[in-house]
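upload19.cif follows; it contains mmCIF, C-alpha atoms.
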```
data_entry
loop_
_atom_site.label_atom_id
_atom_site.label_comp_id
_atom_site.auth_asym_id
_atom_site.auth_seq_id
_atom_site.Cartn_x
_atom_site.Cartn_y
_atom_site.Cartn_z
CA MET B 1 -92.95 69.09 51.12
CA SER B 2 -93.71 71.39 54.05
CA LEU B 3 -92.26 74.87 54.26
CA LYS B 4 -90.36 73.88 57.40
CA ILE B 5 -88.54 71.05 55.65
CA ILE B 6 -87.63 73.28 52.71
CA GLN B 7 -86.29 75.85 55.16
CA ILE B 8 -84.14 73.26 56.94
CA MET B 9 -82.79 72.03 53.60
CA SER B 10 -81.86 75.50 52.43
CA ASN B 11 -80.21 76.22 55.76
CA ASP B 12 -78.27 73.00 55.32
CA LEU B 13 -77.16 74.02 51.86
CA ARG B 14 -75.69 77.36 52.76
CA PRO B 15 -72.12 76.34 53.73
CA SER B 16 -71.95 74.04 50.69
CA GLU B 17 -73.09 76.87 48.43
CA GLN B 18 -70.39 79.12 49.82
CA VAL B 19 -67.75 76.53 48.96
CA TYR B 20 -69.29 75.95 45.54
CA ARG B 21 -69.30 79.69 44.78
CA GLY B 22 -65.65 79.83 45.79
CA LEU B 23 -64.82 77.01 43.39
CA LYS B 24 -66.68 78.83 40.61
CA ARG B 25 -64.95 82.13 41.35
CA ALA B 26 -61.61 80.34 41.27
CA GLY B 27 -62.45 78.96 37.83
CA ILE B 28 -62.24 75.33 38.94
CA ASP B 29 -63.39 73.17 36.03
CA LEU B 30 -62.52 69.62 37.17
CA VAL B 31 -63.18 68.11 40.58
CA ALA B 32 -62.16 64.64 41.69
CA SER B 33 -63.96 63.44 44.78
CA VAL B 34 -64.38 60.78 47.40
CA PRO B 35 -67.52 61.44 49.39
CA CYS B 36 -68.04 62.49 52.98
CA VAL B 37 -71.48 62.96 54.53
CA ASN B 38 -70.60 66.63 54.96
CA LEU B 39 -69.73 67.02 51.28
CA GLN B 40 -72.93 65.52 49.91
CA GLU B 41 -74.64 68.80 48.96
CA LEU B 42 -71.43 70.16 47.45
CA LEU B 43 -70.98 67.01 45.36
CA CYS B 44 -74.57 67.34 44.09
CA LEU B 45 -73.91 70.94 43.08
CA LEU B 46 -70.73 69.89 41.25
CA SER B 47 -72.42 67.00 39.46
CA SER B 48 -75.20 69.24 38.16
CA ASP B 49 -72.83 71.92 36.86
CA PRO B 50 -72.25 71.44 33.11
CA ASP B 51 -69.07 73.55 33.27
CA ILE B 52 -67.38 71.27 35.80
CA ILE B 53 -66.09 67.77 35.04
CA HIS B 54 -66.80 65.81 38.20
CA ILE B 55 -64.90 62.52 38.57
CA PRO B 56 -65.81 60.44 41.61
CA VAL B 57 -62.66 58.37 42.14
CA THR B 58 -62.23 55.14 44.09
CA ARG B 59 -59.46 56.39 46.36
CA GLU B 60 -58.14 59.86 47.09
CA GLU B 61 -54.62 59.13 45.85
CA GLU B 62 -56.12 58.30 42.48
CA GLY B 63 -57.81 61.70 42.53
CA ILE B 64 -54.45 63.41 43.10
CA GLY B 65 -53.24 61.73 39.88
CA VAL B 66 -56.36 62.68 37.91
CA CYS B 67 -56.07 66.29 39.09
CA ALA B 68 -52.36 66.46 38.20
CA GLY B 69 -53.11 65.21 34.69
CA ALA B 70 -55.98 67.66 34.30
CA TYR B 71 -53.69 70.54 35.29
CA MET B 72 -51.07 69.33 32.82
CA GLY B 73 -53.78 69.53 30.16
CA GLY B 74 -54.65 73.13 31.03
CA MET B 75 -57.49 72.72 33.53
CA SER B 76 -57.95 74.12 37.04
CA PRO B 77 -58.45 71.06 39.26
CA ALA B 78 -59.67 70.52 42.80
CA ILE B 79 -60.17 67.47 44.96
CA ALA B 80 -62.99 67.19 47.49
CA MET B 81 -62.47 64.59 50.18
CA GLN B 82 -62.51 63.73 53.84
CA ASN B 83 -59.36 64.21 55.90
CA SER B 84 -58.92 60.42 56.00
CA GLY B 85 -58.16 60.83 52.30
CA LEU B 86 -55.21 63.06 53.12
CA GLY B 87 -53.62 59.99 54.69
CA ASN B 88 -54.30 58.01 51.53
CA SER B 89 -52.75 60.72 49.35
CA ILE B 90 -49.48 61.67 50.98
CA ASN B 91 -47.04 59.96 48.61
CA ALA B 92 -48.79 61.27 45.50
CA LEU B 93 -48.95 64.78 46.97
CA ALA B 94 -45.23 64.64 47.78
CA SER B 95 -43.70 62.75 44.85
CA LEU B 96 -46.04 64.08 42.15
CA ASP B 97 -47.49 67.52 43.00
CA MET B 98 -44.68 68.79 45.21
CA LEU B 99 -41.88 67.18 43.17
CA TYR B 100 -42.92 68.69 39.83
CA GLY B 101 -44.58 71.85 41.16
CA ILE B 102 -48.20 71.08 40.31
CA PRO B 103 -50.90 73.24 41.92
CA LEU B 104 -53.99 71.63 43.49
CA LEU B 105 -56.93 72.91 45.48
CA MET B 106 -57.94 70.49 48.25
CA VAL B 107 -61.36 70.94 49.83
CA ILE B 108 -61.22 68.75 52.91
CA SER B 109 -64.04 67.81 55.25
CA HIS B 110 -62.19 67.71 58.55
CA ARG B 111 -63.74 65.00 60.69
CA GLY B 112 -62.60 64.07 64.17
CA THR B 113 -62.85 67.65 65.43
CA GLN B 114 -65.11 69.04 68.17
CA GLY B 115 -68.55 67.45 67.96
CA GLU B 116 -67.33 64.21 66.32
CA ARG B 117 -69.49 61.21 67.17
CA LEU B 118 -67.40 58.46 65.55
CA VAL B 119 -64.34 57.37 67.49
CA GLY B 120 -62.67 56.10 64.33
CA GLN B 121 -62.43 59.64 63.00
CA ILE B 122 -60.47 60.99 65.98
CA PRO B 123 -56.89 59.88 65.09
CA MET B 124 -56.88 61.39 61.59
CA GLY B 125 -58.78 64.38 62.95
CA ARG B 126 -55.86 65.11 65.27
CA LEU B 127 -53.21 64.34 62.65
CA THR B 128 -54.62 66.46 59.85
CA GLU B 129 -53.08 69.84 60.72
CA PRO B 130 -49.70 68.38 61.79
CA LEU B 131 -49.52 66.39 58.54
CA LEU B 132 -50.27 69.47 56.42
CA LYS B 133 -47.70 71.49 58.40
CA THR B 134 -45.06 68.78 58.06
CA MET B 135 -45.65 68.66 54.31
CA GLY B 136 -45.53 72.45 54.01
CA ILE B 137 -49.03 72.54 52.55
CA PRO B 138 -50.69 75.86 53.42
CA PHE B 139 -54.24 75.59 54.73
CA PHE B 140 -57.22 77.79 55.47
CA ARG B 141 -59.91 77.16 58.05
CA PRO B 142 -62.77 79.51 57.09
CA ARG B 143 -66.15 80.02 58.74
CA PRO B 144 -69.08 79.59 56.34
CA HIS B 145 -69.36 83.28 55.42
CA GLU B 146 -65.62 83.36 54.67
CA ALA B 147 -65.56 80.17 52.62
CA GLU B 148 -66.18 81.65 49.18
CA LYS B 149 -63.19 83.99 49.44
CA ALA B 150 -61.04 81.38 51.19
CA VAL B 151 -61.59 78.80 48.45
CA GLU B 152 -60.81 81.33 45.74
CA GLY B 153 -57.77 82.55 47.67
CA ALA B 154 -56.51 79.01 48.21
CA TRP B 155 -56.47 78.34 44.45
CA SER B 156 -54.68 81.67 43.81
CA LEU B 157 -52.05 80.68 46.35
CA ALA B 158 -51.72 77.21 44.80
CA LEU B 159 -51.11 78.81 41.37
CA ASN B 160 -48.69 81.40 42.71
CA GLU B 161 -46.64 78.85 44.62
CA MET B 162 -47.21 75.85 42.29
CA ARG B 163 -48.19 73.51 45.11
CA PRO B 164 -51.24 71.96 46.80
CA VAL B 165 -53.23 74.21 49.14
CA ALA B 166 -55.96 72.96 51.50
CA VAL B 167 -59.23 74.37 52.80
CA LEU B 168 -60.25 72.55 55.99
CA LEU B 169 -63.96 72.49 56.77
CA ASP B 170 -64.59 71.05 60.23
CA ILE B 171 -67.78 69.69 61.77
CA LYS B 172 -68.88 73.09 63.07
CA PHE B 173 -68.55 74.57 59.57
CA TRP B 174 -71.42 72.45 58.30
CA GLY B 175 -73.66 73.32 61.26
CA ARG B 176 -74.38 69.71 62.01
CA MET X 1 -41.21 40.43 23.49
CA ARG X 2 -38.78 42.45 25.59
CA ARG X 3 -40.27 45.43 27.44
CA ILE X 4 -37.89 47.90 25.79
CA ASP X 5 -39.02 46.63 22.37
CA ALA X 6 -42.67 47.10 23.36
CA ILE X 7 -41.84 50.62 24.55
CA ALA X 8 -40.09 51.34 21.22
CA ILE X 9 -43.25 50.29 19.36
CA ILE X 10 -45.40 52.52 21.59
CA ALA X 11 -43.01 55.47 21.15
CA GLU X 12 -43.12 55.09 17.37
CA ALA X 13 -46.92 54.87 17.33
CA ALA X 14 -47.26 57.85 19.69
CA GLU X 15 -45.17 59.97 17.39
CA ALA X 16 -47.22 58.98 14.36
CA LEU X 17 -50.47 59.67 16.26
CA ASN X 18 -49.18 62.90 17.85
CA ALA X 19 -50.12 61.25 21.13
CA LEU X 20 -49.08 62.30 24.62
CA ILE X 21 -47.44 59.62 26.75
CA VAL X 22 -47.54 59.31 30.53
CA CYS X 23 -44.91 56.73 31.47
CA ASN X 24 -44.58 54.70 34.63
CA LEU X 25 -41.69 55.39 36.99
CA GLY X 26 -38.39 53.54 37.12
CA TYR X 27 -36.96 51.61 34.21
CA PRO X 28 -39.93 52.03 31.82
CA SER X 29 -39.42 55.83 31.81
CA ARG X 30 -35.65 55.40 31.48
CA GLU X 31 -36.11 53.02 28.56
CA LEU X 32 -38.57 55.38 26.86
CA PHE X 33 -36.19 58.32 27.32
CA PHE X 34 -33.32 56.28 25.91
CA ILE X 35 -35.28 55.07 22.88
CA ARG X 36 -37.10 58.22 21.85
CA ASP X 37 -37.19 61.29 24.05
CA ARG X 38 -39.96 63.73 23.14
CA PRO X 39 -41.37 66.72 25.05
CA GLU X 40 -44.71 64.93 24.69
CA ASN X 41 -43.45 62.24 27.10
CA PHE X 42 -44.23 62.74 30.79
CA TYR X 43 -41.68 60.74 32.77
CA MET X 44 -42.81 59.80 36.25
CA LEU X 45 -40.13 59.99 38.94
CA GLY X 46 -42.31 58.96 41.89
CA SER X 47 -45.97 58.37 42.87
CA MET X 48 -46.07 54.71 41.83
CA GLY X 49 -49.48 53.68 40.54
CA MET X 50 -50.50 57.10 39.28
CA ALA X 51 -49.63 56.82 35.56
CA SER X 52 -53.10 55.60 34.56
CA SER X 53 -54.78 58.30 36.68
CA ILE X 54 -52.58 61.15 35.44
CA ALA X 55 -53.30 60.07 31.86
CA LEU X 56 -57.02 59.93 32.60
CA GLY X 57 -57.04 63.53 33.88
CA LEU X 58 -54.97 64.61 30.89
CA SER X 59 -57.30 62.90 28.41
CA LEU X 60 -60.34 64.58 29.99
CA ALA X 61 -58.64 67.98 29.77
CA LEU X 62 -57.59 67.44 26.15
CA PRO X 63 -60.36 65.49 24.42
CA GLU X 64 -58.87 66.28 21.02
CA ARG X 65 -55.47 64.70 21.84
CA ARG X 66 -54.69 61.01 22.07
CA VAL X 67 -53.22 60.04 25.45
CA ILE X 68 -51.35 56.78 26.06
CA ALA X 69 -50.47 55.61 29.56
CA ILE X 70 -47.57 53.14 29.76
CA ASP X 71 -47.93 51.30 33.04
CA GLY X 72 -46.67 48.12 34.67
CA ASP X 73 -48.48 45.22 36.30
CA GLY X 74 -47.11 46.12 39.75
CA SER X 75 -48.21 49.74 39.44
CA VAL X 76 -51.69 48.83 38.20
CA LEU X 77 -52.05 46.40 41.12
CA MET X 78 -51.20 49.31 43.43
CA ASN X 79 -54.08 51.39 42.03
CA LEU X 80 -56.63 48.79 40.88
CA GLY X 81 -59.53 51.15 41.50
CA THR X 82 -58.31 53.19 38.55
CA LEU X 83 -59.70 50.52 36.18
CA ALA X 84 -63.23 51.16 37.48
CA THR X 85 -62.80 54.91 37.13
CA ILE X 86 -61.39 54.50 33.61
CA ALA X 87 -64.33 52.26 32.67
CA SER X 88 -66.77 54.91 33.87
CA PHE X 89 -65.14 58.12 32.70
CA ALA X 90 -62.43 57.64 30.04
CA SER X 91 -63.19 58.76 26.50
CA SER X 92 -62.07 57.27 23.20
CA ASN X 93 -58.84 59.30 23.26
CA TYR X 94 -57.53 57.28 26.22
CA LEU X 95 -55.44 54.12 26.01
CA LEU X 96 -53.81 52.31 28.93
CA VAL X 97 -51.04 49.91 27.95
CA ILE X 98 -50.12 47.59 30.82
CA LEU X 99 -46.70 46.04 30.21
CA ASP X 100 -47.13 42.86 32.21
CA ASN X 101 -43.80 41.19 32.97
CA ARG X 102 -45.15 39.48 36.12
CA VAL X 103 -42.59 41.22 38.36
CA TYR X 104 -41.73 44.48 40.10
CA GLY X 105 -39.01 45.11 37.54
CA SER X 106 -37.38 48.27 38.86
CA THR X 107 -36.82 46.88 42.36
CA GLY X 108 -35.13 43.58 41.47
CA CYS X 109 -37.84 41.54 39.78
CA GLN X 110 -39.84 40.37 42.81
CA PRO X 111 -42.91 38.49 41.52
CA THR X 112 -46.29 40.25 41.42
CA CYS X 113 -49.67 38.56 41.76
CA THR X 114 -49.93 38.33 37.95
CA SER X 115 -47.11 35.75 38.16
CA ARG X 116 -49.47 33.59 40.22
CA CYS X 117 -53.12 33.91 39.34
CA THR X 118 -54.24 37.50 38.76
CA ASP X 119 -55.45 38.25 35.24
CA LEU X 120 -55.36 42.02 34.74
CA ALA X 121 -57.33 41.84 31.48
CA ALA X 122 -60.12 40.00 33.33
CA VAL X 123 -59.93 42.55 36.15
CA ALA X 124 -60.23 45.39 33.61
CA ARG X 125 -63.22 43.69 31.98
CA GLY X 126 -64.77 43.09 35.37
CA ALA X 127 -64.25 46.75 36.21
CA GLY X 128 -66.34 47.55 33.16
CA VAL X 129 -63.75 48.46 30.52
CA ARG X 130 -65.34 47.44 27.23
CA ASP X 131 -62.30 47.34 24.98
CA VAL X 132 -59.66 45.10 26.57
CA ARG X 133 -57.08 43.15 24.56
CA VAL X 134 -54.18 40.92 25.50
CA VAL X 135 -51.24 40.97 23.11
CA SER X 136 -47.96 39.11 23.17
CA GLY X 137 -46.41 39.85 19.77
CA GLU X 138 -44.92 43.05 18.38
CA GLU X 139 -47.19 43.23 15.33
CA GLU X 140 -50.26 42.64 17.48
CA LEU X 141 -49.22 45.45 19.83
CA ARG X 142 -48.54 47.82 16.93
CA ARG X 143 -52.01 47.24 15.48
CA ARG X 144 -53.74 47.91 18.76
CA LEU X 145 -52.15 51.27 19.64
CA SER X 146 -54.53 53.49 17.71
CA GLY X 147 -57.45 52.14 19.74
CA SER X 148 -58.79 52.99 23.18
CA GLY X 149 -59.43 51.15 26.43
CA VAL X 150 -56.86 48.78 27.91
CA VAL X 151 -54.14 46.67 26.32
CA VAL X 152 -52.29 44.10 28.40
CA ALA X 153 -48.99 43.41 26.64
CA ILE X 154 -47.18 40.34 27.88
CA VAL X 155 -43.45 41.07 28.06
CA GLU X 156 -40.36 39.37 29.42
CA PRO X 157 -38.98 40.33 32.83
CA GLY X 158 -35.72 42.28 32.90
CA ASN X 159 -34.56 45.85 32.48
CA ALA X 160 -32.44 47.28 29.67
CA ASP X 161 -29.13 48.82 30.71
CA VAL X 162 -30.11 52.46 30.26
CA PRO X 163 -29.04 55.58 32.19
CA VAL X 164 -31.05 57.73 34.57
CA ILE X 165 -33.07 60.54 32.94
CA PRO X 166 -30.97 63.71 33.19
CA LEU X 167 -33.96 66.11 33.20
CA THR X 168 -35.24 67.92 36.32
CA PRO X 169 -38.89 67.36 37.30
CA GLU X 170 -39.63 71.01 36.50
CA LYS X 171 -38.15 70.62 33.02
CA ILE X 172 -40.09 67.41 32.33
CA LEU X 173 -43.32 69.19 33.32
CA SER X 174 -42.77 72.54 31.61
CA ARG X 175 -41.81 71.15 28.22
CA PHE X 176 -44.61 68.57 28.40
CA MET X 177 -47.20 71.26 29.15
CA GLU X 178 -45.91 73.50 26.37
CA ARG X 179 -46.63 70.73 23.88
CA ALA X 180 -49.74 69.35 25.53
CA SER X 181 -52.00 72.33 25.48
CA SER X 182 -52.47 75.74 24.00
CA ARG X 183 -54.58 76.61 27.06
CA MET X 184 -51.47 77.32 29.07
CA ARG X 185 -51.15 79.27 32.23
CA ARG X 186 -47.41 79.47 32.46
CA SER X 187 -45.00 80.55 29.74
#
```
Representation of the structure as structure tokens:
Amino acid sequence: MSLKIIQIMSNDLRPSEQVYRGLKRAGIDLVASVPCVNLQELLCLLSSDPDIIHIPVTREEEGIGVCAGAYMGGMSPAIAMQNSGLGNSINALASLDMLYGIPLLMVISHRGTQGERLVGQIPMGRLTEPLLKTMGIPFFRPRPHEAEKAVEGAWSLALNEMRPVAVLLDIKFWGR
Amino acid sequence: MRRIDAIAIIAEAAEALNALIVCNLGYPSRELFFIRDRPENFYMLGSMGMASSIALGLSLALPERRVIAIDGDGSVLMNLGTLATIASFASSNYLLVILDNRVYGSTGCQPTCTSRCTDLAAVARGAGVRDVRVVSGEEELRRRLSGSGVVVAIVEPGNADVPVIPLTPEKILSRFMERASSRMRRS
């Protein structure tokens, strides 16, 4: 592999590593996920970490259930997903996490923002923030160098307020 | 077998096994509460379809505890992907009991697809779950509850006349977590 390719790969990895370090600092030990192209490096980091149980689920709502159960068993759970998955998860977020007061860290790849190439991503891209606001789910929108602290802070807030908290990572965040 | 009788058998076995129960919303939770309330029971009040997934997360967090999910055919149909995830990731401490009465019982007994042609045991096997059993008698169900995987228990449609659970969601969660784990964050 040429030096140039290695350099490009490591540049690619940087935002993912920031998020990963934030998850580690927060003490996250179980992550449910549904993939997004922008999450691929993060999901590789999670899968190779022996201290994190990584459960790729078939649908994001299912992941909300797995994370709630993991919390009830004493773990610190997070879900990694695309913002389309927020749409798939709303009832479980409301009538499970918010009803009982169950904290959850949501790491969300926010598609459909500036630079989006796929028209199908635009509607959920526009609806993501309004949906989170309507549900009263606090969210952060860090730049890459702020991501580590933002992810850790989001989990602290989730624990303090016993509710889901989101970290939105838009197209620009990944430098693609 | 009536569903409430199946639930009574599961409640008795769970107590003997010191197992945690995650119970499907609506009448199944009300029947379980009426028959044998324990702090180790997590009663769902919403999020239909999530019982099997909540129990999976719980069983991964607490590998030393037995976890039994009591679910219904309608709720499993709503979250069929869970069977694939269970096949791939559940350990031997996890048991999903699907009480299949062929209807959406809590909403007035509208027929589900299992009343026509869907075979949830075959779906579970196809999803990759290795240990899948179908039971229709009480003794058969009793024998199977110390195992893992998926049990499809065939039960009659109809709900018992039992009251609404008088516990708040917060109370259901806090007392469940106190019993579930010593690795607790809240007091």
### Task
Could you please determine the separation between atom CA of Glu152 of chain B and atom CA of Ala26 of chain B in Å, to one decimal place?
4.6 Å
### Message
Since I can't run it myself right now, could you work out what the PyMOL selection byres ((chain X) within 7 of (chain B)) selects here and report it as JSON, numbers by chain?
### Response
{"X": [46, 47, 50, 53, 54, 55, 56, 57, 58, 60, 61, 62, 81, 82, 85, 169, 170, 173, 177, 180, 181, 183, 184]}
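Picture a line from atom CA of Ala154 of chain B to atom CA of Cys44 of chain B; it runs 21.9 Å.
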#### Entry: Residue nearest Gly85 of chain B among B:Asp49, B:Pro35, B:Pro144, B:Leu43 (counting all atoms listed in the file)
B:Pro35
Test item: axis-aligned box, all listed atoms of segment 50-60 of chain B, 3 Å on each side, centre and edges in Å rounded to one decimal, as lines of an AutoDock Vina configuration file:
```
center_x = -65.2
center_y = 64.3
center_z = 40.1
size_x = 20.1
size_y = 24.4
size_z = 20.0
```
#### Entry: Point-to-point distance in Å for atom CA of Ala121 of chain X and atom CA of Val151 of chain X
7.8 Å
### Task
Identify the residues within 8 Å of coordinate (-44.0, 44.5, 30.7) (same frame as the file), considering only C-alpha atoms, and give the answer as a list in words.
Arg2, Arg3, Ala6, Gly72, Asp73, Ile98, Leu99, Asp100, Asn101, Arg102, Ala153, Ile154, Val155, Glu156 and Pro157 of chain X
### Task
Would you mind listing what lies within 9 Å of Thr112 of chain X as a VMD selection string, with all atoms listed in the file counted and same-chain residues fewer than 2 positions away left out?
chain X and resid 73 to 74 77 101 to 104 109 to 110 114 to 116 118
